[in-house]
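Q: I'm passing along coords-v2.json; it holds JSON, C-alpha atoms.
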```json
[["chain", "number", "residue", "atom", "x", "y", "z"],
["A", 1198, "MET", "CA", 18.60, 132.15, 20.17],
["A", 1199, "PHE", "CA", 20.62, 130.14, 17.60],
["A", 1200, "GLY", "CA", 19.08, 128.06, 14.89],
["A", 1201, "VAL", "CA", 20.16, 124.56, 13.97],
["A", 1202, "LYS", "CA", 22.60, 125.89, 11.40],
["A", 1203, "GLY", "CA", 24.10, 128.33, 13.92],
["A", 1204, "LEU", "CA", 24.61, 125.62, 16.55],
["A", 1205, "ARG", "CA", 26.38, 123.43, 14.00],
["A", 1206, "THR", "CA", 28.69, 126.32, 13.07],
["A", 1207, "VAL", "CA", 29.58, 126.98, 16.75],
["A", 1208, "ALA", "CA", 30.26, 123.27, 17.36],
["A", 1209, "ALA", "CA", 32.50, 123.06, 14.28],
["A", 1210, "ASN", "CA", 34.49, 126.13, 15.35],
["A", 1211, "THR", "CA", 34.90, 124.74, 18.87],
["A", 1212, "ALA", "CA", 36.15, 121.39, 17.54],
["A", 1213, "ALA", "CA", 38.59, 123.15, 15.23],
["A", 1214, "LYS", "CA", 39.98, 125.15, 18.14],
["A", 1215, "ARG", "CA", 40.45, 121.99, 20.19],
["A", 1216, "LEU", "CA", 42.37, 120.26, 17.41],
["A", 1217, "PHE", "CA", 44.87, 123.11, 17.13],
["A", 1218, "ALA", "CA", 45.23, 123.93, 20.82],
["A", 1219, "THR", "CA", 48.87, 124.18, 21.90],
["A", 1220, "SER", "CA", 48.52, 124.69, 25.67],
["A", 1221, "THR", "CA", 48.06, 121.77, 28.04],
["A", 1222, "ALA", "CA", 46.23, 121.91, 31.34],
["A", 1223, "GLN", "CA", 48.48, 121.95, 34.39],
["A", 1224, "GLY", "CA", 47.80, 118.84, 36.41],
["A", 1225, "TYR", "CA", 48.55, 117.99, 40.02],
["A", 1226, "GLN", "CA", 52.04, 118.76, 41.31],
["A", 1227, "ALA", "CA", 53.41, 117.69, 44.70],
["A", 1228, "ARG", "CA", 54.21, 120.38, 47.28],
["A", 1229, "LEU", "CA", 57.88, 119.42, 47.47],
["A", 1230, "SER", "CA", 58.13, 119.42, 43.68],
["A", 1231, "GLN", "CA", 56.72, 122.96, 43.54],
["A", 1232, "PHE", "CA", 59.16, 124.08, 46.22],
["A", 1233, "TYR", "CA", 62.11, 122.69, 44.28],
["A", 1234, "HIS", "CA", 61.20, 124.17, 40.89],
["A", 1235, "ASN", "CA", 60.10, 127.56, 42.24],
["A", 1236, "THR", "CA", 62.64, 128.20, 45.01],
["A", 1237, "LEU", "CA", 65.28, 125.58, 45.73],
["A", 1238, "ARG", "CA", 66.68, 125.19, 42.20],
["A", 1239, "ASP", "CA", 67.66, 128.86, 41.98],
["A", 1240, "ASP", "CA", 69.08, 128.82, 45.50],
["A", 1241, "LEU", "CA", 71.30, 125.84, 44.65],
["A", 1242, "MET", "CA", 72.63, 127.65, 41.59],
["A", 1243, "ILE", "CA", 73.53, 130.72, 43.68],
["A", 1244, "LEU", "CA", 75.13, 128.73, 46.51],
["A", 1245, "GLN", "CA", 77.29, 126.71, 44.11],
["A", 1246, "TYR", "CA", 78.37, 129.65, 41.98],
["A", 1247, "VAL", "CA", 82.14, 130.21, 41.78],
["A", 1248, "PRO", "CA", 83.40, 133.44, 40.15],
["A", 1249, "PRO", "CA", 85.65, 133.01, 37.09],
["A", 1250, "ALA", "CA", 88.54, 134.73, 38.87],
["A", 1251, "VAL", "CA", 88.42, 132.18, 41.69],
["A", 1252, "ARG", "CA", 88.31, 129.31, 39.19],
["A", 1253, "ALA", "CA", 91.33, 130.68, 37.31],
["A", 1254, "ARG", "CA", 93.26, 131.15, 40.56],
["A", 1255, "ALA", "CA", 92.52, 127.58, 41.67],
["A", 1256, "LYS", "CA", 93.56, 126.22, 38.26],
["A", 1257, "ALA", "CA", 96.87, 128.15, 38.35],
["A", 1258, "THR", "CA", 97.57, 126.90, 41.88],
["A", 1259, "GLU", "CA", 96.94, 123.29, 40.86],
["A", 1260, "GLU", "CA", 99.21, 123.59, 37.81],
["A", 1261, "ALA", "CA", 101.99, 125.12, 39.93],
["A", 1262, "ARG", "CA", 101.67, 122.30, 42.48],
["A", 1263, "ILE", "CA", 101.93, 119.61, 39.78],
["A", 1264, "LYS", "CA", 104.95, 121.35, 38.22],
["A", 1265, "GLU", "CA", 106.70, 121.54, 41.59],
["A", 1266, "LEU", "CA", 106.09, 117.85, 42.23],
["A", 1267, "LYS", "CA", 107.60, 116.93, 38.87],
["A", 1268, "GLU", "CA", 110.70, 119.07, 39.44],
["A", 1269, "ASN", "CA", 111.35, 117.87, 43.00],
["A", 1270, "SER", "CA", 110.57, 114.20, 42.36],
["A", 1271, "THR", "CA", 113.37, 111.78, 43.28],
["A", 1272, "GLY", "CA", 113.93, 108.14, 42.51],
["A", 1273, "THR", "CA", 113.87, 106.04, 39.39],
["A", 1274, "PRO", "CA", 111.54, 107.41, 36.72],
["A", 1275, "PRO", "CA", 108.80, 105.03, 35.58],
["A", 1276, "ASN", "CA", 109.43, 102.88, 32.54],
["A", 1277, "PRO", "CA", 107.23, 104.18, 29.70],
["A", 1278, "LEU", "CA", 107.26, 100.76, 27.98],
["A", 1279, "ARG", "CA", 105.81, 99.00, 31.02],
["A", 1280, "LYS", "CA", 102.08, 99.27, 31.48],
["A", 1281, "SER", "CA", 100.84, 99.75, 35.01],
["A", 1282, "LYS", "CA", 98.38, 97.21, 36.36],
["A", 1283, "ILE", "CA", 96.50, 99.88, 38.28],
["A", 1284, "VAL", "CA", 94.74, 102.34, 36.00],
["A", 1285, "ARG", "CA", 93.32, 105.31, 37.82],
["A", 1286, "GLN", "CA", 90.30, 106.84, 36.20],
["A", 1287, "LEU", "CA", 90.18, 110.59, 36.55],
["A", 1288, "ARG", "CA", 86.84, 112.01, 37.62],
["A", 1289, "PRO", "CA", 85.29, 114.53, 35.23],
["A", 1290, "LYS", "CA", 85.53, 118.18, 36.16],
["A", 1291, "LEU", "CA", 82.43, 119.86, 37.49],
["A", 1292, "PRO", "CA", 80.73, 122.18, 35.00],
["A", 1293, "ALA", "CA", 79.85, 125.73, 35.90],
["A", 1294, "PRO", "CA", 76.56, 125.80, 37.84],
["A", 1295, "THR", "CA", 73.58, 127.08, 35.89],
["A", 1296, "ALA", "CA", 69.80, 126.85, 36.17],
["A", 1297, "HIS", "CA", 69.82, 123.91, 33.74],
["A", 1298, "ASN", "CA", 72.33, 121.64, 35.53],
["A", 1299, "SER", "CA", 71.26, 122.18, 39.14],
["A", 1300, "PRO", "CA", 71.13, 118.84, 41.00],
["A", 1301, "TYR", "CA", 67.74, 117.23, 41.50],
["A", 1302, "VAL", "CA", 66.35, 113.97, 42.87],
["A", 1303, "GLU", "CA", 66.12, 111.49, 40.01],
["A", 1304, "LYS", "CA", 64.75, 108.38, 41.74],
["A", 1305, "VAL", "CA", 63.91, 107.06, 45.20],
["A", 1306, "THR", "CA", 64.05, 103.32, 45.87],
["A", 1307, "VAL", "CA", 62.35, 101.84, 48.94],
["A", 1308, "HIS", "CA", 63.85, 98.44, 49.74],
["A", 1309, "ILE", "CA", 62.85, 95.84, 52.35],
["A", 1310, "ARG", "CA", 64.95, 92.78, 53.17],
["A", 1311, "CYS", "CA", 63.00, 89.92, 54.69],
["A", 1312, "LYS", "CA", 65.30, 87.25, 56.11],
["A", 1313, "GLU", "CA", 62.30, 85.55, 57.74],
["A", 1314, "ALA", "CA", 61.19, 84.56, 54.22],
["A", 1315, "LEU", "CA", 64.00, 81.98, 54.14],
["A", 1316, "LYS", "CA", 62.09, 79.90, 56.69],
["A", 1317, "ASN", "CA", 58.57, 80.76, 55.57],
["A", 1318, "LYS", "CA", 58.01, 82.21, 52.12],
["A", 1319, "HIS", "CA", 54.62, 83.60, 53.14],
["A", 1320, "HIS", "CA", 56.38, 86.29, 55.20],
["A", 1321, "MET", "CA", 57.37, 87.96, 51.94],
["A", 1322, "LEU", "CA", 53.71, 88.94, 51.52],
["A", 1323, "SER", "CA", 54.01, 91.23, 54.55],
["A", 1324, "ALA", "CA", 56.98, 93.05, 53.00],
["A", 1325, "VAL", "CA", 55.22, 93.49, 49.65],
["A", 1326, "MET", "CA", 52.02, 94.76, 51.25],
["A", 1327, "ALA", "CA", 53.97, 97.13, 53.52],
["A", 1328, "LEU", "CA", 55.65, 98.65, 50.47],
["A", 1329, "GLN", "CA", 52.30, 99.08, 48.77],
["A", 1330, "VAL", "CA", 50.88, 100.85, 51.83],
["A", 1331, "LEU", "CA", 53.88, 103.18, 52.17],
["A", 1332, "THR", "CA", 54.35, 104.10, 48.52],
["A", 1333, "GLY", "CA", 51.01, 103.35, 46.85],
["A", 1334, "LYS", "CA", 52.69, 101.07, 44.28],
["A", 1335, "ARG", "CA", 53.03, 97.31, 44.04],
["A", 1336, "GLY", "CA", 56.45, 96.08, 45.11],
["A", 1337, "GLU", "CA", 58.80, 94.02, 42.98],
["A", 1338, "VAL", "CA", 60.01, 90.76, 44.56],
["A", 1339, "ILE", "CA", 63.78, 90.23, 44.41],
["A", 1340, "LYS", "CA", 65.05, 86.65, 44.19],
["A", 1341, "ALA", "CA", 68.47, 85.24, 45.01],
["A", 1342, "LYS", "CA", 70.86, 84.91, 42.08],
["A", 1343, "SER", "CA", 73.15, 82.32, 43.66],
["A", 1344, "ASP", "CA", 73.30, 79.74, 46.45],
["A", 1345, "ALA", "CA", 74.66, 80.43, 49.94],
["A", 1346, "SER", "CA", 74.82, 77.39, 52.16],
["A", 1347, "ALA", "CA", 75.83, 79.41, 55.23],
["A", 1348, "TRP", "CA", 72.42, 81.15, 55.25],
["A", 1349, "LYS", "CA", 70.50, 78.19, 53.82],
["A", 1350, "LEU", "CA", 69.84, 80.23, 50.73],
["A", 1351, "ARG", "CA", 69.05, 78.71, 47.36],
["A", 1352, "LYS", "CA", 68.99, 80.28, 43.96],
["A", 1353, "GLY", "CA", 65.55, 81.63, 43.08],
["A", 1354, "MET", "CA", 64.30, 82.12, 46.66],
["A", 1355, "ALA", "CA", 62.50, 85.41, 47.40],
["A", 1356, "ILE", "CA", 64.60, 87.46, 49.83],
["A", 1357, "ALA", "CA", 63.55, 91.11, 49.38],
["A", 1358, "ALA", "CA", 61.14, 93.55, 47.74],
["A", 1359, "LYS", "CA", 61.58, 97.04, 46.34],
["A", 1360, "VAL", "CA", 59.67, 99.92, 44.76],
["A", 1361, "ASP", "CA", 61.13, 102.60, 42.46],
["A", 1362, "LEU", "CA", 59.51, 106.02, 42.79],
["A", 1363, "THR", "CA", 59.77, 108.88, 40.30],
["A", 1364, "GLY", "CA", 57.88, 112.08, 39.63],
["A", 1365, "ASP", "CA", 55.19, 113.33, 42.00],
["A", 1366, "SER", "CA", 54.93, 110.02, 43.89],
["A", 1367, "MET", "CA", 58.64, 110.33, 44.73],
["A", 1368, "TYR", "CA", 58.21, 113.88, 46.09],
["A", 1369, "GLU", "CA", 55.12, 112.85, 48.08],
["A", 1370, "PHE", "CA", 57.04, 110.02, 49.76],
["A", 1371, "LEU", "CA", 59.98, 112.31, 50.57],
["A", 1372, "ASP", "CA", 57.57, 114.90, 51.95],
["A", 1373, "LYS", "CA", 56.00, 112.36, 54.31],
["A", 1374, "LEU", "CA", 59.40, 111.03, 55.33],
["A", 1375, "VAL", "CA", 60.83, 114.47, 56.13],
["A", 1376, "GLU", "CA", 57.80, 116.19, 57.62],
["A", 1377, "VAL", "CA", 56.09, 113.33, 59.49],
["A", 1378, "VAL", "CA", 58.34, 110.32, 60.08],
["A", 1379, "LEU", "CA", 61.75, 111.81, 60.90],
["A", 1380, "PRO", "CA", 60.47, 114.37, 63.49],
["A", 1381, "ARG", "CA", 58.67, 111.56, 65.35],
["A", 1382, "MET", "CA", 61.83, 109.48, 65.70],
["A", 1383, "LYS", "CA", 63.41, 110.37, 69.03],
["A", 1384, "GLU", "CA", 66.76, 108.66, 68.49],
["A", 1385, "TYR", "CA", 67.39, 109.87, 64.93],
["A", 1386, "ASN", "CA", 69.66, 112.92, 64.69],
["A", 1387, "GLY", "CA", 70.30, 112.88, 60.95],
["A", 1388, "LEU", "CA", 72.69, 111.63, 58.30],
["A", 1389, "ARG", "CA", 76.39, 111.81, 58.95],
["A", 1390, "MET", "CA", 78.39, 114.37, 57.00],
["A", 1391, "ASP", "CA", 80.55, 111.63, 55.47],
["A", 1392, "ALA", "CA", 77.54, 109.66, 54.23],
["A", 1393, "GLY", "CA", 77.12, 109.00, 50.53],
["A", 1394, "ASP", "CA", 78.80, 107.07, 47.74],
["A", 1395, "SER", "CA", 80.98, 109.97, 46.49],
["A", 1396, "ALA", "CA", 78.60, 110.40, 43.53],
["A", 1397, "GLY", "CA", 75.76, 112.31, 45.20],
["A", 1398, "ASN", "CA", 73.62, 109.30, 46.20],
["A", 1399, "PHE", "CA", 72.52, 108.62, 49.79],
["A", 1400, "THR", "CA", 70.89, 105.73, 51.66],
["A", 1401, "LEU", "CA", 68.83, 105.94, 54.85],
["A", 1402, "GLY", "CA", 68.24, 102.85, 56.97],
["A", 1403, "PHE", "CA", 65.35, 102.44, 59.43],
["A", 1404, "ASP", "CA", 64.40, 99.71, 61.87],
["A", 1405, "GLY", "CA", 61.05, 97.97, 62.19],
["A", 1406, "SER", "CA", 59.60, 100.55, 64.60],
["A", 1407, "ALA", "CA", 59.91, 103.40, 62.06],
["A", 1408, "ILE", "CA", 57.57, 101.76, 59.57],
["A", 1409, "GLY", "CA", 54.62, 102.30, 61.93],
["A", 1410, "LEU", "CA", 55.18, 106.08, 61.97],
["A", 1411, "PHE", "CA", 53.78, 106.57, 58.47],
["A", 1412, "PRO", "CA", 50.18, 107.87, 58.52],
["A", 1413, "GLU", "CA", 48.96, 105.17, 56.10],
["A", 1414, "MET", "CA", 50.58, 102.44, 58.19],
["A", 1415, "GLU", "CA", 49.08, 103.47, 61.53],
["A", 1416, "ILE", "CA", 45.59, 102.42, 60.46],
["A", 1417, "VAL", "CA", 46.50, 98.88, 59.36],
["A", 1418, "TYR", "CA", 49.57, 98.28, 61.55],
["A", 1419, "ASP", "CA", 47.87, 95.56, 63.62],
["A", 1420, "MET", "CA", 46.94, 93.61, 60.48],
["A", 1421, "PHE", "CA", 50.58, 92.83, 59.62],
["A", 1422, "PRO", "CA", 51.93, 89.67, 61.27],
["A", 1423, "LEU", "CA", 55.51, 90.78, 60.59],
["A", 1424, "THR", "CA", 57.12, 94.23, 60.24],
["A", 1425, "THR", "CA", 60.76, 94.66, 59.30],
["A", 1426, "GLY", "CA", 63.11, 97.56, 58.68],
["A", 1427, "PHE", "CA", 63.51, 99.23, 55.34],
["A", 1428, "PHE", "CA", 66.03, 101.26, 53.35],
["A", 1429, "VAL", "CA", 65.48, 104.44, 51.34],
["A", 1430, "ASN", "CA", 67.99, 104.99, 48.54],
["A", 1431, "ILE", "CA", 67.95, 108.54, 47.15],
["A", 1432, "LYS", "CA", 69.54, 108.87, 43.72],
["A", 1433, "THR", "CA", 70.40, 112.41, 42.63],
["A", 1434, "THR", "CA", 72.04, 113.96, 39.58],
["A", 1435, "ALA", "CA", 74.76, 115.55, 41.72],
["A", 1436, "GLN", "CA", 78.29, 114.48, 40.78],
["A", 1437, "ARG", "CA", 79.77, 115.00, 44.25],
["A", 1438, "ASN", "CA", 78.60, 114.43, 47.82],
["A", 1439, "PRO", "CA", 78.67, 118.15, 48.80],
["A", 1440, "SER", "CA", 76.19, 118.99, 46.03],
["A", 1441, "GLY", "CA", 73.97, 116.07, 47.08],
["A", 1442, "ARG", "CA", 74.08, 117.15, 50.73],
["A", 1443, "LEU", "CA", 73.14, 120.68, 49.73],
["A", 1444, "LEU", "CA", 70.15, 119.36, 47.76],
["A", 1445, "LEU", "CA", 68.87, 117.03, 50.48],
["A", 1446, "SER", "CA", 69.40, 119.67, 53.15],
["A", 1447, "GLY", "CA", 67.24, 122.06, 51.12],
["A", 1448, "LEU", "CA", 64.53, 119.38, 50.89],
["A", 1449, "GLY", "CA", 64.55, 119.02, 54.67],
["A", 1450, "VAL", "CA", 66.71, 115.94, 55.30],
["A", 1451, "PRO", "CA", 68.70, 116.57, 58.53],
["A", 1452, "PHE", "CA", 72.48, 116.11, 58.68],
["A", 1453, "LEU", "CA", 74.50, 115.46, 61.82],
["A", 1454, "HIS", "CA", 77.49, 117.75, 62.21],
["A", 1455, "ALA", "CA", 80.41, 116.15, 64.00],
["A", 1456, "ARG", "CA", 81.25, 118.06, 67.16],
["A", 1457, "LYS", "CA", 84.83, 118.44, 68.23],
["A", 1458, "PRO", "CA", 85.63, 116.84, 71.60],
["A", 1459, "LYS", "CA", 85.78, 119.33, 74.43],
["A", 1460, "VAL", "CA", 89.34, 119.91, 75.58],
["A", 1461, "GLU", "CA", 89.57, 120.23, 79.30],
["A", 1462, "GLY", "CA", 91.90, 122.85, 80.64],
["A", 1463, "TYR", "CA", 94.73, 122.27, 83.06],
["A", 1464, "LYS", "CA", 93.51, 121.70, 86.59],
["A", 1465, "LEU", "CA", 95.63, 122.43, 89.62]]
```
Take the structure in the file and give it back as structure tokens.
A:
Amino acid sequence: MFGVKGLRTVAANTAAKRLFATSTAQGYQARLSQFYHNTLRDDLMILQYVPPAVRARAKATEEARIKELKENSTGTPPNPLRKSKIVRQLRPKLPAPTAHNSPYVEKVTVHIRCKEALKNKHHMLSAVMALQVLTGKRGEVIKAKSDASAWKLRKGMAIAAKVDLTGDSMYEFLDKLVEVVLPRMKEYNGLRMDAGDSAGNFTLGFDGSAIGLFPEMEIVYDMFPLTTGFFVNIKTTAQRNPSGRLLLSGLGVPFLHARKPKVEGYKL
């Protein structure tokens, strides 16, 4: 149909189009990542929205409270020439919630402490291989930075291993943890409401029996001579614990609500 000259012209035009193409092919995206970007991010913005009138009312109330404290304060006023030893750092005010500053999961760190490695360093291989099975990435060995004679610990000894997860691998691990592992744990009710480091980061601790609940670990569980517990540290961009709890709750992490003790009535 085309001659040699025509085929060369078509090939040249195709190559020219490829050089100046501006769109990129959409690759694989984890299910939990799609859920966050398509649904959860907008829901977080709506749930955290505070009307301007409510913000102005809260600001006026706070200013009136500070003014009243200054007027009714008694005692010797502080000496302005004397510097206080305790310097309190004020926390930054929260910005108005928008679609661009909604909290999201920045990094997930899976951490295994292996105290058995103090007696036999070969046990650290089990921790590293367990991390590789759970996360699909090679673990980083953590060594002691100082000596501790009480635990027979010397500087430079391998004591733990960790893996940092970001991107789709992070969402895949969270998806397995929330949808497969946590529902199969009978004695796990969820995180406490007061959990967190006051900056929107949370840590989950699991014993050695929970590591065998992962689908990848069930196949090779009998090949490990030693299985230990592990920790999952979830780092978010939330500036307060309530925002972090709202994010993790939307991703499916359960939280344990404290129940008030039942007050028994008067009995005759």
Q: Which value, in Å to one decimal, gives the distance between atom CA of Leu1410 of chain A and atom CA of Arg1228 of chain A?
A: 20.5 Å
Q: Write out as a PyMOL selection string which residues come within 10 Å of Arg1442 of chain A when counting only C-alpha atoms, dropping same-chain ones fewer than 2 positions away.
A: chain A and resi 1388+1390-1393+1397-1399+1435+1437-1440+1444-1448+1450-1452
Q: Go ahead and dump the residues you just picked, C-alpha atoms, as a CSV table (one decimal), in the frame of the given file.
A:
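As a result, part-v8.csv now contains:
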```
chain,number,residue,atom,x,y,z
A,1388,LEU,CA,72.7,111.6,58.3
A,1390,MET,CA,78.4,114.4,57.0
A,1391,ASP,CA,80.6,111.6,55.5
A,1392,ALA,CA,77.5,109.7,54.2
A,1393,GLY,CA,77.1,109.0,50.5
A,1397,GLY,CA,75.8,112.3,45.2
A,1398,ASN,CA,73.6,109.3,46.2
A,1399,PHE,CA,72.5,108.6,49.8
A,1435,ALA,CA,74.8,115.6,41.7
A,1437,ARG,CA,79.8,115.0,44.2
A,1438,ASN,CA,78.6,114.4,47.8
A,1439,PRO,CA,78.7,118.2,48.8
A,1440,SER,CA,76.2,119.0,46.0
A,1444,LEU,CA,70.2,119.4,47.8
A,1445,LEU,CA,68.9,117.0,50.5
A,1446,SER,CA,69.4,119.7,53.2
A,1447,GLY,CA,67.2,122.1,51.1
A,1448,LEU,CA,64.5,119.4,50.9
A,1450,VAL,CA,66.7,115.9,55.3
A,1451,PRO,CA,68.7,116.6,58.5
A,1452,PHE,CA,72.5,116.1,58.7
```
Q: Counting all atoms listed in the file, I want the residues whose atoms come within 10 Å of (57.9, 105.5, 62.4) in the file frame, returned as JSON, numbers by chain.
A: {"A": [1374, 1377, 1378, 1379, 1380, 1381, 1382, 1383, 1403, 1404, 1405, 1406, 1407, 1408, 1409, 1410, 1411, 1412, 1414, 1415]}
Q: Closest to Pro1300 of chain A among A:Ala1396, A:Leu1331, A:Ala1347, A:Met1354, using all atoms listed in the file?
A: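 For Pro1300 of chain A, the nearest of the given residues is A:Ala1396.
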Q: In Å, with one decimal, what is the gap from atom CA of Gly1449 of chain A to atom CA of His1308 of chain A?
A: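 Atom-to-atom, atom CA of Gly1449 of chain A and atom CA of His1308 of chain A are spaced 21.2 Å apart.
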Q: For atom CA of Phe1232 of chain A and atom CA of Ala1327 of chain A, quote the distance in Å rounded to one decimal.
A: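 Computed distance, atom CA of Phe1232 of chain A to atom CA of Ala1327 of chain A, equals 28.4 Å.
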Q: List the spatial neighbours of Ser1366 of chain A as a list in words - criterion: any atom at most 9 Å away, only C-alpha atoms, same-chain residues fewer than 5 positions off excluded.
A: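 Close residues of Ser1366 of chain A: Ala1227, Thr1332, Gly1333 and Leu1371 of chain A.
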Q: Got a sec: who's within 8 Å of Arg1335 of chain A, counting only C-alpha atoms, leaving out chain neighbours fewer than 6 positions off, as a PyMOL selection string?
A: chain A and resi 1325-1326+1328-1329+1360
Q: Thr1400 of chain A: which residues within 7 Å, counting all atoms listed in the file, same-chain residues fewer than 4 positions away excluded, as a list in words?
A: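 So, after excluding close chain neighbours, the residues are Phe1428, Val1429, Asn1430 and Ile1431 of chain A.
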Q: Generate all heavy atoms for segment 1395-1402 of chain A and emit them as an mmCIF file, in the coordinates of the input.
A:
```cif
data_model
loop_
_atom_site.group_PDB
_atom_site.id
_atom_site.type_symbol
_atom_site.label_atom_id
_atom_site.label_comp_id
_atom_site.auth_asym_id
_atom_site.auth_seq_id
_atom_site.Cartn_x
_atom_site.Cartn_y
_atom_site.Cartn_z
ATOM 1 N N SER A 1395 80.059 109.091 47.227
ATOM 2 C CA SER A 1395 80.980 109.970 46.490
ATOM 3 C C SER A 1395 80.442 110.363 45.117
ATOM 4 O O SER A 1395 81.173 110.955 44.327
ATOM 5 C CB SER A 1395 82.361 109.321 46.326
ATOM 6 O OG SER A 1395 82.927 109.039 47.585
ATOM 7 N N ALA A 1396 79.210 110.028 44.810
ATOM 8 C CA ALA A 1396 78.600 110.400 43.530
ATOM 9 C C ALA A 1396 77.258 111.096 43.725
ATOM 10 O O ALA A 1396 76.464 111.184 42.789
ATOM 11 C CB ALA A 1396 78.419 109.165 42.657
ATOM 12 N N GLY A 1397 76.986 111.574 44.938
ATOM 13 C CA GLY A 1397 75.760 112.310 45.200
ATOM 14 C C GLY A 1397 74.559 111.478 45.549
ATOM 15 O O GLY A 1397 73.451 112.008 45.586
ATOM 16 N N ASN A 1398 74.734 110.176 45.834
ATOM 17 C CA ASN A 1398 73.620 109.300 46.200
ATOM 18 C C ASN A 1398 73.711 108.955 47.684
ATOM 19 O O ASN A 1398 74.809 108.738 48.207
ATOM 20 C CB ASN A 1398 73.630 108.036 45.353
ATOM 21 C CG ASN A 1398 73.607 108.348 43.870
ATOM 22 O OD1 ASN A 1398 72.903 109.243 43.423
ATOM 23 N ND2 ASN A 1398 74.386 107.618 43.095
ATOM 24 N N PHE A 1399 72.560 108.840 48.352
ATOM 25 C CA PHE A 1399 72.520 108.620 49.790
ATOM 26 C C PHE A 1399 71.510 107.521 50.110
ATOM 27 O O PHE A 1399 70.541 107.316 49.379
ATOM 28 C CB PHE A 1399 72.135 109.903 50.531
ATOM 29 C CG PHE A 1399 73.122 111.028 50.341
ATOM 30 C CD1 PHE A 1399 73.022 111.870 49.246
ATOM 31 C CD2 PHE A 1399 74.143 111.233 51.243
ATOM 32 C CE1 PHE A 1399 73.926 112.896 49.054
ATOM 33 C CE2 PHE A 1399 75.046 112.261 51.068
ATOM 34 C CZ PHE A 1399 74.946 113.088 49.983
ATOM 35 N N THR A 1400 71.765 106.824 51.215
ATOM 36 C CA THR A 1400 70.890 105.730 51.660
ATOM 37 C C THR A 1400 70.576 105.925 53.135
ATOM 38 O O THR A 1400 71.478 106.138 53.944
ATOM 39 C CB THR A 1400 71.556 104.370 51.448
ATOM 40 O OG1 THR A 1400 71.840 104.191 50.062
ATOM 41 C CG2 THR A 1400 70.634 103.245 51.910
ATOM 42 N N LEU A 1401 69.295 105.836 53.477
ATOM 43 C CA LEU A 1401 68.830 105.940 54.850
ATOM 44 C C LEU A 1401 68.289 104.589 55.273
ATOM 45 O O LEU A 1401 67.493 103.981 54.547
ATOM 46 C CB LEU A 1401 67.742 107.004 54.992
ATOM 47 C CG LEU A 1401 68.126 108.480 54.800
ATOM 48 C CD1 LEU A 1401 68.257 108.843 53.336
ATOM 49 C CD2 LEU A 1401 67.074 109.388 55.456
ATOM 50 N N GLY A 1402 68.709 104.121 56.435
ATOM 51 C CA GLY A 1402 68.240 102.850 56.970
ATOM 52 C C GLY A 1402 67.385 103.056 58.208
ATOM 53 O O GLY A 1402 67.713 103.876 59.079
#
```
